[in-house]
Every structure is written in C-alpha cells, then in structure tokens.
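Colleague: Next up, upload-v4.txt (compact mmCIF, C-alpha atoms).
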# COMPACT_ATOMS: atom_id res chain seq x y z
CA MET A 109 116.28 -97.24 61.20
CA ALA A 110 112.92 -97.30 59.50
CA ALA A 111 111.54 -100.64 58.49
CA PHE A 112 111.90 -101.71 54.89
CA THR A 113 108.43 -100.81 53.67
CA ARG A 114 106.85 -101.00 50.27
CA ARG A 115 106.54 -97.18 50.25
CA ALA A 116 110.21 -96.59 50.95
CA PHE A 117 111.23 -99.12 48.29
CA LEU A 118 109.09 -97.47 45.63
CA GLN A 119 110.37 -94.01 46.55
CA TRP A 120 114.00 -95.09 46.30
CA SER A 121 113.62 -97.03 43.11
CA GLY A 122 111.76 -94.12 41.53
CA LEU A 123 114.57 -91.74 42.48
CA THR A 124 117.25 -94.07 41.16
CA CYS A 125 115.45 -94.51 37.85
CA LEU A 126 115.11 -90.77 37.51
CA LEU A 127 118.83 -90.36 38.24
CA PHE A 128 119.82 -92.86 35.56
CA THR A 129 117.53 -91.46 32.91
CA THR A 130 118.74 -87.91 33.47
CA ARG A 131 122.35 -89.11 33.25
CA ARG A 132 121.56 -90.82 29.98
CA LEU A 133 119.96 -87.68 28.67
CA PHE A 134 122.97 -85.57 29.59
CA ALA A 135 125.29 -88.08 27.97
CA LEU A 136 123.32 -87.93 24.74
CA ALA A 137 123.06 -84.16 24.61
CA PRO A 138 126.53 -83.36 23.22
CA LEU A 139 126.11 -85.92 20.44
CA ARG A 140 122.94 -84.28 19.27
CA SER A 141 124.21 -80.72 19.20
CA ARG A 142 125.87 -79.83 15.91
CA GLY A 143 127.72 -76.96 17.49
CA ASP A 144 129.99 -79.34 19.35
CA VAL A 145 133.54 -78.87 18.07
CA PRO A 146 136.11 -81.62 18.73
CA TRP A 147 139.18 -80.65 20.68
CA LYS A 148 141.60 -81.14 17.76
CA VAL A 149 139.49 -78.79 15.65
CA GLN A 150 139.32 -76.27 18.48
CA GLN A 151 143.12 -76.23 18.53
CA VAL A 152 143.23 -75.45 14.80
CA LEU A 153 140.62 -72.72 15.21
CA LYS A 154 142.56 -71.22 18.08
CA GLN A 155 145.71 -71.17 15.95
CA LEU A 156 143.86 -69.48 13.11
CA PHE A 157 141.71 -66.97 14.92
CA GLY A 158 143.07 -66.75 18.44
CA ASP A 159 140.33 -65.96 20.93
CA ARG A 160 137.87 -64.65 18.36
CA PRO A 161 134.73 -66.79 18.53
CA VAL A 162 133.35 -68.42 15.40
CA GLN A 163 129.83 -67.06 15.08
CA GLU A 164 127.07 -68.87 13.27
CA GLY A 165 125.44 -67.30 10.25
CA HIS A 166 126.26 -65.37 7.07
CA VAL A 167 127.94 -68.44 5.59
CA GLN A 168 126.24 -70.85 3.27
CA LEU A 169 128.07 -74.12 2.82
CA ASP A 170 126.98 -76.42 0.04
CA VAL A 171 128.34 -79.98 0.21
CA PRO A 172 126.80 -83.32 -0.73
CA THR A 173 125.25 -85.28 2.15
CA VAL A 174 126.76 -88.46 0.71
CA ALA A 175 130.01 -88.43 -1.23
CA ALA A 176 130.60 -91.70 -3.04
CA ASP A 177 134.25 -90.90 -3.68
CA GLY A 178 136.26 -89.20 -0.94
CA ARG A 179 138.85 -88.14 -3.49
CA VAL A 180 136.54 -85.59 -5.08
CA VAL A 181 134.03 -83.85 -2.87
CA PRO A 182 132.63 -80.61 -4.29
CA VAL A 183 132.47 -77.74 -1.82
CA MET A 184 130.71 -74.43 -2.38
CA VAL A 185 130.95 -71.57 0.07
CA GLU A 186 128.84 -68.48 -0.28
CA SER A 187 128.27 -65.50 1.94
CA ASP A 188 125.90 -62.54 1.97
CA LEU A 189 128.57 -60.37 3.57
CA PRO A 190 129.48 -57.29 1.52
CA MET A 191 132.52 -57.14 -0.75
CA THR A 192 133.26 -53.42 -0.75
CA ALA A 193 136.55 -51.58 -0.39
CA ASN A 194 136.20 -51.02 3.35
CA ALA A 195 134.22 -54.08 4.40
CA TYR A 196 134.96 -57.34 2.70
CA VAL A 197 135.55 -61.03 3.20
CA LYS A 198 139.26 -61.39 3.80
CA ALA A 199 139.55 -65.15 3.81
CA ILE A 200 137.58 -68.36 3.44
CA HIS A 201 138.92 -71.36 5.33
CA VAL A 202 137.87 -74.95 4.68
CA LEU A 203 138.28 -77.47 7.51
CA VAL A 204 137.51 -81.18 7.60
CA ASP A 205 137.39 -82.62 11.13
CA ASN A 206 138.53 -86.16 10.35
CA ASN A 207 141.19 -85.48 7.74
CA PRO A 208 144.92 -85.93 8.49
CA ASP A 209 145.25 -82.22 7.72
CA ILE A 210 142.25 -80.51 9.30
CA HIS A 211 142.78 -77.07 7.83
CA ILE A 212 142.92 -78.03 4.16
CA ALA A 213 142.71 -74.71 2.44
CA GLU A 214 142.72 -71.02 2.93
CA PHE A 215 141.46 -68.68 0.22
CA ARG A 216 142.48 -65.05 0.69
CA LEU A 217 140.27 -62.65 -1.19
CA THR A 218 140.22 -58.93 -1.92
CA PRO A 219 137.29 -56.56 -2.61
CA GLU A 220 137.95 -56.96 -6.36
CA ILE A 221 136.30 -60.35 -6.07
CA GLY A 222 132.86 -58.82 -6.43
CA GLN A 223 131.03 -61.38 -4.33
CA ALA A 224 131.98 -63.75 -1.53
CA PHE A 225 131.68 -67.04 -3.34
CA LEU A 226 134.04 -69.92 -3.82
CA SER A 227 133.77 -73.38 -5.26
CA THR A 228 136.37 -76.13 -5.28
CA ARG A 229 136.84 -79.88 -4.82
CA ILE A 230 138.41 -81.45 -1.76
CA LYS A 231 139.52 -84.86 -0.49
CA MET A 232 138.03 -86.53 2.56
CA ARG A 233 139.36 -89.51 4.48
CA MET A 234 136.10 -90.54 6.10
CA THR A 235 132.66 -89.38 7.15
CA SER A 236 133.16 -86.07 8.84
CA PRO A 237 131.79 -82.60 9.37
CA VAL A 238 133.07 -80.05 6.85
CA ARG A 239 133.45 -76.51 8.10
CA ALA A 240 133.60 -73.31 6.12
CA ILE A 241 134.85 -70.35 8.08
CA ILE A 242 134.88 -66.79 6.83
CA GLU A 243 137.06 -64.05 8.17
CA THR A 244 136.04 -60.46 7.39
CA SER A 245 138.27 -57.42 7.06
CA ASP A 246 137.10 -56.11 10.45
CA GLY A 247 138.13 -59.31 12.17
CA ALA A 248 134.77 -61.01 12.63
CA VAL A 249 134.69 -64.77 12.11
CA TRP A 250 131.62 -66.55 10.74
CA GLY A 251 131.23 -70.25 10.19
CA ALA A 252 128.98 -73.03 8.96
CA ALA A 253 129.30 -76.80 9.17
CA ALA A 254 127.72 -79.75 7.43
CA ASP A 255 128.14 -83.50 7.72
CA VAL A 256 129.33 -85.46 4.70
CA ARG A 257 129.15 -89.26 4.56
CA VAL A 258 132.14 -90.69 2.72
CA THR A 259 132.32 -94.24 1.41
CA VAL A 260 135.72 -94.28 -0.33
CA ASN A 261 138.77 -92.97 1.49
CA GLY A 262 140.36 -90.16 -0.48
CA CYS A 263 143.41 -89.42 1.62
CA GLY A 264 145.31 -92.68 1.95
CA MET B 95 152.92 -91.02 -15.48
CA ARG B 96 150.87 -87.87 -15.82
CA ARG B 97 150.83 -86.27 -19.22
CA ASP B 98 151.05 -82.59 -18.42
CA VAL B 99 151.67 -81.75 -14.80
CA GLY B 100 151.09 -78.05 -14.54
CA ALA B 101 148.94 -77.57 -17.62
CA GLY B 102 146.54 -74.86 -16.55
CA ARG B 103 143.26 -73.71 -17.99
CA ILE B 104 141.27 -70.60 -17.17
CA LEU B 105 137.70 -70.22 -18.28
CA ILE B 106 135.97 -66.84 -18.38
CA PRO B 107 132.73 -65.79 -20.10
CA THR B 108 133.01 -64.99 -23.80
CA THR B 109 131.27 -61.62 -23.56
CA ILE B 110 132.12 -59.34 -20.69
CA ARG B 111 130.80 -55.84 -20.13
CA ARG B 112 132.55 -53.28 -17.98
CA GLY B 113 131.58 -53.68 -14.33
CA ASP B 114 130.21 -57.20 -14.68
CA VAL B 115 130.89 -59.68 -11.91
CA ILE B 116 132.16 -62.59 -13.97
CA ASP B 117 132.69 -66.22 -13.10
CA VAL B 118 136.32 -67.32 -13.23
CA ARG B 119 137.06 -71.03 -13.38
CA ALA B 120 140.58 -72.38 -13.26
CA LEU B 121 142.00 -75.87 -13.33
CA VAL B 122 145.57 -77.10 -13.30
CA GLU B 123 146.66 -80.64 -13.93
CA HIS B 124 148.51 -81.91 -10.91
CA PRO B 125 148.56 -85.26 -9.05
CA MET B 126 148.14 -83.60 -5.60
CA ALA B 127 149.70 -86.65 -3.91
CA THR B 128 149.16 -86.66 -0.16
CA GLY B 129 152.19 -88.79 0.64
CA LEU B 130 149.93 -91.31 2.40
CA PHE B 131 149.16 -93.57 -0.55
CA ARG B 132 151.34 -96.43 -1.79
CA ASP B 133 151.84 -97.59 -5.36
CA PRO B 134 150.91 -101.19 -6.37
CA GLU B 135 154.43 -102.39 -5.40
CA GLY B 136 154.04 -101.00 -1.91
CA HIS B 137 156.38 -98.04 -2.21
CA PRO B 138 155.01 -94.88 -0.67
CA ILE B 139 154.13 -92.17 -3.17
CA PRO B 140 155.83 -89.00 -1.94
CA ALA B 141 153.76 -85.92 -1.24
CA TYR B 142 153.50 -83.74 -4.31
CA PHE B 143 150.90 -81.01 -4.28
CA ILE B 144 150.23 -77.37 -5.03
CA ASN B 145 150.43 -75.28 -1.90
CA ASP B 146 150.35 -71.73 -3.17
CA VAL B 147 148.15 -70.06 -5.76
CA SER B 148 148.25 -66.44 -6.71
CA VAL B 149 145.69 -64.69 -8.90
CA THR B 150 146.61 -61.34 -10.39
CA TYR B 151 144.38 -59.06 -12.40
CA GLY B 152 146.42 -56.42 -14.18
CA ASP B 153 149.11 -55.44 -11.71
CA ARG B 154 147.16 -56.26 -8.55
CA GLU B 155 146.85 -59.54 -6.71
CA VAL B 156 143.14 -60.17 -6.27
CA ALA B 157 143.27 -63.53 -4.52
CA HIS B 158 145.81 -65.78 -2.89
CA PHE B 159 145.17 -69.37 -1.89
CA ALA B 160 147.11 -71.55 0.54
CA TRP B 161 146.41 -75.20 -0.12
CA THR B 162 147.39 -78.58 1.30
CA SER B 163 147.15 -82.01 -0.28
CA GLY B 164 143.52 -82.04 0.89
CA ILE B 165 142.51 -80.42 -2.39
CA SER B 166 141.53 -82.95 -5.07
CA ARG B 167 143.76 -84.02 -7.95
CA ASP B 168 143.72 -81.56 -10.85
CA PRO B 169 142.69 -78.76 -8.50
CA PHE B 170 139.76 -76.72 -9.66
CA VAL B 171 138.55 -73.45 -8.27
CA GLU B 172 135.72 -71.14 -9.21
CA PHE B 173 135.11 -67.64 -7.91
CA PRO B 174 133.63 -64.34 -9.09
CA LEU B 175 135.62 -61.32 -10.20
CA ARG B 176 134.52 -57.75 -10.79
CA ALA B 177 135.71 -56.95 -14.31
CA ASP B 178 136.25 -53.19 -14.13
CA ARG B 179 139.25 -52.85 -16.45
CA GLU B 180 140.75 -54.53 -19.47
CA ALA B 181 143.77 -56.37 -18.18
CA PRO B 182 145.30 -59.82 -18.17
CA LEU B 183 144.11 -62.24 -15.50
CA SER B 184 146.82 -64.63 -14.52
CA PHE B 185 147.14 -67.61 -12.23
CA THR B 186 150.42 -68.81 -10.74
CA TRP B 187 150.38 -72.24 -9.13
CA LYS B 188 153.37 -73.31 -7.04
CA ASP B 189 153.93 -76.84 -5.73
CA ASN B 190 155.93 -78.24 -2.83
CA LYS B 191 158.73 -79.44 -5.13
CA GLY B 192 159.40 -75.98 -6.49
CA GLY B 193 157.33 -76.25 -9.64
CA VAL B 194 155.79 -73.01 -10.86
CA PHE B 195 153.00 -73.10 -13.42
CA GLN B 196 151.39 -70.09 -14.99
CA GLN B 197 148.40 -69.36 -17.18
CA THR B 198 147.01 -66.06 -18.38
CA VAL B 199 143.84 -64.89 -20.13
CA ASP B 200 142.99 -61.39 -21.29
CA ILE B 201 139.86 -59.77 -19.98
CA LYS B 202 138.46 -57.70 -22.82
CA PHE B 203 135.14 -55.91 -22.94
CA ALA B 204 132.59 -56.59 -25.64
CA ALA B 205 132.20 -53.70 -28.06
Please express what this file holds, its structure, as structure tokens.
Modeller:
Amino acid sequence: MAAFTRRAFLQWSGLTCLLFTTRRLFALAPLRSRGDVPWKVQQVLKQLFGDRPVQEGHVQLDVPTVAADGRVVPVMVESDLPMTANAYVKAIHVLVDNNPDIHIAEFRLTPEIGQAFLSTRIKMRMTSPVRAIIETSDGAVWGAAADVRVTVNGCG
Amino acid sequence: MRRDVGAGRILIPTTIRRGDVIDVRALVEHPMATGLFRDPEGHPIPAYFINDVSVTYGDREVAHFAWTSGISRDPFVEFPLRADREAPLSFTWKDNKGGVFQQTVDIKFAA
C-alpha cells in the first residue's frame, strides 16, 4: 500500500468534495424545476387524461402571486386555441395541488362559447401551485401552472 | 342564516349586436360549505355546495360545469358567448342536497 502522502490526501479530499457538491446539486434540481408534478397530482391527471401527456403552452393562467384570503382566490384561464365547430376547447380543468380536493372544477365548453376564456373564484387551503389544464376536442391536453402564496386557510 | 340561498344573477351587456362575442357573468348565492369547517360551538358544518351547473342558450347546452366545494362562496363565473341568435340564456345550478336554482335572461339584439 502506498504511503499516506500529501498528494494522495489532496486528491482524495478533492474527489470527495466534488462528490458531495454534485449530490447537493442533484438534490436541489427537482425543487427548482416548476415542471415537477407531485405524485398525488399525477394520480389525478392520470384519472382525468389517462396516458395523454400534459403539454406546456397555449394556456394562460392568471392568478395572484399572493392571496391574502384563501377563501376567495380569483382565477382566470385563457387560451389562444381556436373555438370553431370542428376544433375547440372541450374542457378547462382547475387543480390545486395542496387542497383536500385537488381537482376542484371542470368547465365543459362548446364552440358556441366564442373564445376560450374563463374566470372564477376558488378556495385554497395553503400555499400551492394552481394548475389550469385545457382539453381540446381532438384530445390534446395543454396546461399551465402558477404558485399562489396563501395566508388564510380557505378550506377548513 | 343565509338570506337567499340560490338567488342567481346573470349579467350580460346592455347592447348586443348579432355575432358579437359577449361577456356573460353569473353569480348565485350559496354557502359552498366544504364540510371541513366547524361552527363556533364546535359542531361540524356539513358539506353543502353546488356541484353541477348547466348553461343553455335557446335549446342548446353551451356549457356544463362540474364543481366541488373548492369554488368560493357565492360562486361566480365569467365566460364569453357568441351571440348569434335571439334566445333566452339560462343557468341551472344544482347542489349536493338536491337544490335546483334557475335564472334566465333574454339575449336580444339592439335595433
């Protein structure tokens, strides 16, 4: 066995440090990515859309960044997808990750609604991402998410 | 406690021209109780909320909403509608205790 030299010590400590920092970086990565969907929400999405992936884009979700009262949180969902007789937005779903009921509302629309737009007010239990998911008549699923900070519990 | 559970209001623009995409706003008075809150004496307040909303324009259903108690008290909703015919626009709200509330407005075109 080689003698315990200064060179060997520095090499090993350098490697170990590198190992720890990379582990830390990997551990932080999922927290930073907004596309990370919690398991309980994935289950709901699977129930709603089966194996169809939720694609990003085409959905504009307008929610406050801070909601003082979780009992009344305004939500606006808008989409640039067409609303014509053969291609239209079939449904708008609103999901709140940390609510007792994750899938809080489903709005089924028809082409007679001239434009894919919807505004309502929801309850939120605590700070959570809000997701708006749009289902089109040809089966495509589009989604958007935004974080809302809640200070007063609105669900009990 | 509530004055008028089920009192609905629909707001549409005053002047509508044929083919306009109008803004429809509707509100119904309802406690939308989640069943998770307790009253000041500690008794749980049972769940009482609207879970089904149907919007018909003339003889066709143009929108249908499935709600849970996650919608705020006195649920409000706003959406566009292509006004292409003169017909009544009516909302039917149904709650989990069998209550059915209805409100209708007439869509008429400006002369």
Colleague: Find the residues of chain A in contact range of chain B, meaning any atom within 10 Å when counting only C-alpha atoms, and list them as a ChimeraX atom specification.
Modeller: /A:178-186,198-204,207-233,262-264
Colleague: Go ahead and write the residues just picked, C-alpha atoms, as a CSV table (one decimal), keeping the file's coordinate frame.
Modeller:
chain,number,residue,atom,x,y,z
A,178,GLY,CA,136.3,-89.2,-0.9
A,179,ARG,CA,138.8,-88.1,-3.5
A,180,VAL,CA,136.5,-85.6,-5.1
A,181,VAL,CA,134.0,-83.8,-2.9
A,182,PRO,CA,132.6,-80.6,-4.3
A,183,VAL,CA,132.5,-77.7,-1.8
A,184,MET,CA,130.7,-74.4,-2.4
A,185,VAL,CA,131.0,-71.6,0.1
A,186,GLU,CA,128.8,-68.5,-0.3
A,198,LYS,CA,139.3,-61.4,3.8
A,199,ALA,CA,139.6,-65.2,3.8
A,200,ILE,CA,137.6,-68.4,3.4
A,201,HIS,CA,138.9,-71.4,5.3
A,202,VAL,CA,137.9,-75.0,4.7
A,203,LEU,CA,138.3,-77.5,7.5
A,204,VAL,CA,137.5,-81.2,7.6
A,207,ASN,CA,141.2,-85.5,7.7
A,208,PRO,CA,144.9,-85.9,8.5
A,209,ASP,CA,145.2,-82.2,7.7
A,210,ILE,CA,142.2,-80.5,9.3
A,211,HIS,CA,142.8,-77.1,7.8
A,212,ILE,CA,142.9,-78.0,4.2
A,213,ALA,CA,142.7,-74.7,2.4
A,214,GLU,CA,142.7,-71.0,2.9
A,215,PHE,CA,141.5,-68.7,0.2
A,216,ARG,CA,142.5,-65.0,0.7
A,217,LEU,CA,140.3,-62.6,-1.2
A,218,THR,CA,140.2,-58.9,-1.9
A,219,PRO,CA,137.3,-56.6,-2.6
A,220,GLU,CA,138.0,-57.0,-6.4
A,221,ILE,CA,136.3,-60.4,-6.1
A,222,GLY,CA,132.9,-58.8,-6.4
A,223,GLN,CA,131.0,-61.4,-4.3
A,224,ALA,CA,132.0,-63.8,-1.5
A,225,PHE,CA,131.7,-67.0,-3.3
A,226,LEU,CA,134.0,-69.9,-3.8
A,227,SER,CA,133.8,-73.4,-5.3
A,228,THR,CA,136.4,-76.1,-5.3
A,229,ARG,CA,136.8,-79.9,-4.8
A,230,ILE,CA,138.4,-81.4,-1.8
A,231,LYS,CA,139.5,-84.9,-0.5
A,232,MET,CA,138.0,-86.5,2.6
A,233,ARG,CA,139.4,-89.5,4.5
A,262,GLY,CA,140.4,-90.2,-0.5
A,263,CYS,CA,143.4,-89.4,1.6
A,264,GLY,CA,145.3,-92.7,2.0
Colleague: So what do you get for atom CA of Ala254 of chain A versus atom CA of Asp205 of chain A, distance-wise?
Modeller: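 The value is 10.7 Å.
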Colleague: Give me the residues within 10 Å of Gly152 of chain B as a ChimeraX atom specification, counting all atoms listed in the file and dropping any in the same chain fewer than 3 places off.
Modeller: /B:149,155-156,179-184,200-201
Colleague: Could the residues in this selection be written to a file with C-alpha atoms, as a tab-separated table (two decimals), keeping the file's coordinate frame?
Modeller:
chain	number	residue	atom	x	y	z
B	149	VAL	CA	145.69	-64.69	-8.90
B	155	GLU	CA	146.85	-59.54	-6.71
B	156	VAL	CA	143.14	-60.17	-6.27
B	179	ARG	CA	139.25	-52.85	-16.45
B	180	GLU	CA	140.75	-54.53	-19.47
B	181	ALA	CA	143.77	-56.37	-18.18
B	182	PRO	CA	145.30	-59.82	-18.17
B	183	LEU	CA	144.11	-62.24	-15.50
B	184	SER	CA	146.82	-64.63	-14.52
B	200	ASP	CA	142.99	-61.39	-21.29
B	201	ILE	CA	139.86	-59.77	-19.98
Colleague: For a test of reading the model, state the distance in Å between atom CA of Asp189 of chain B and atom CA of Asp133 of chain B, rounded to one decimal.
Modeller: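 Straight-line distance from atom CA of Asp189 of chain B to atom CA of Asp133 of chain B works out to 20.9 Å.
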Colleague: Find, counting all atoms listed in the file, the residue in B:Arg111, B:Glu135, B:Asp153, B:Gly193 that gets nearest to Val99 of chain B.
Modeller: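 Among the listed residues, B:Gly193 lies closest to Val99 of chain B.
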Colleague: Neighbouring residues of Asp98 of chain B were defined as those with any atom within 12 Å, considering all atoms listed in the file; residues of the same chain fewer than 2 positions away were excluded. Please report them as a ChimeraX atom specification.
Modeller: /B:95-96,100-103,122-125,168,195
Colleague: Just give me the residues with any atom within 8 Å of (156.5, -79.3, -3.4), file coordinates, counting only C-alpha atoms, written as a ChimeraX atom specification.
Modeller: /B:141-145,188-193
Colleague: Measure the distance from atom CA of Pro161 of chain A to atom CA of Val258 of chain A in Å and round it to one decimal.
Modeller: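 Answer for the atom CA of Pro161 of chain A to atom CA of Val258 of chain A separation: 28.8 Å.
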Colleague: Might I get the box with edges along x, y and z of the file that holds all atoms of segment 115-127 of chain B listed there, padded by 4 Å on every side, given as centre and edge lengths in Å to one decimal, as AutoDock Vina command-line options?
Modeller:
--center_x 140.3 --center_y -73.2 --center_z -8.9 --size_x 26.8 --size_y 35.0 --size_z 18.1
Colleague: Quick one: everything within 9 Å of Asp246 of chain A, counting all atoms listed in the file, minus sequence neighbours fewer than 4 positions away in the same chain. Send it as a PyMOL selection string.
Modeller: chain A and resi 194-198
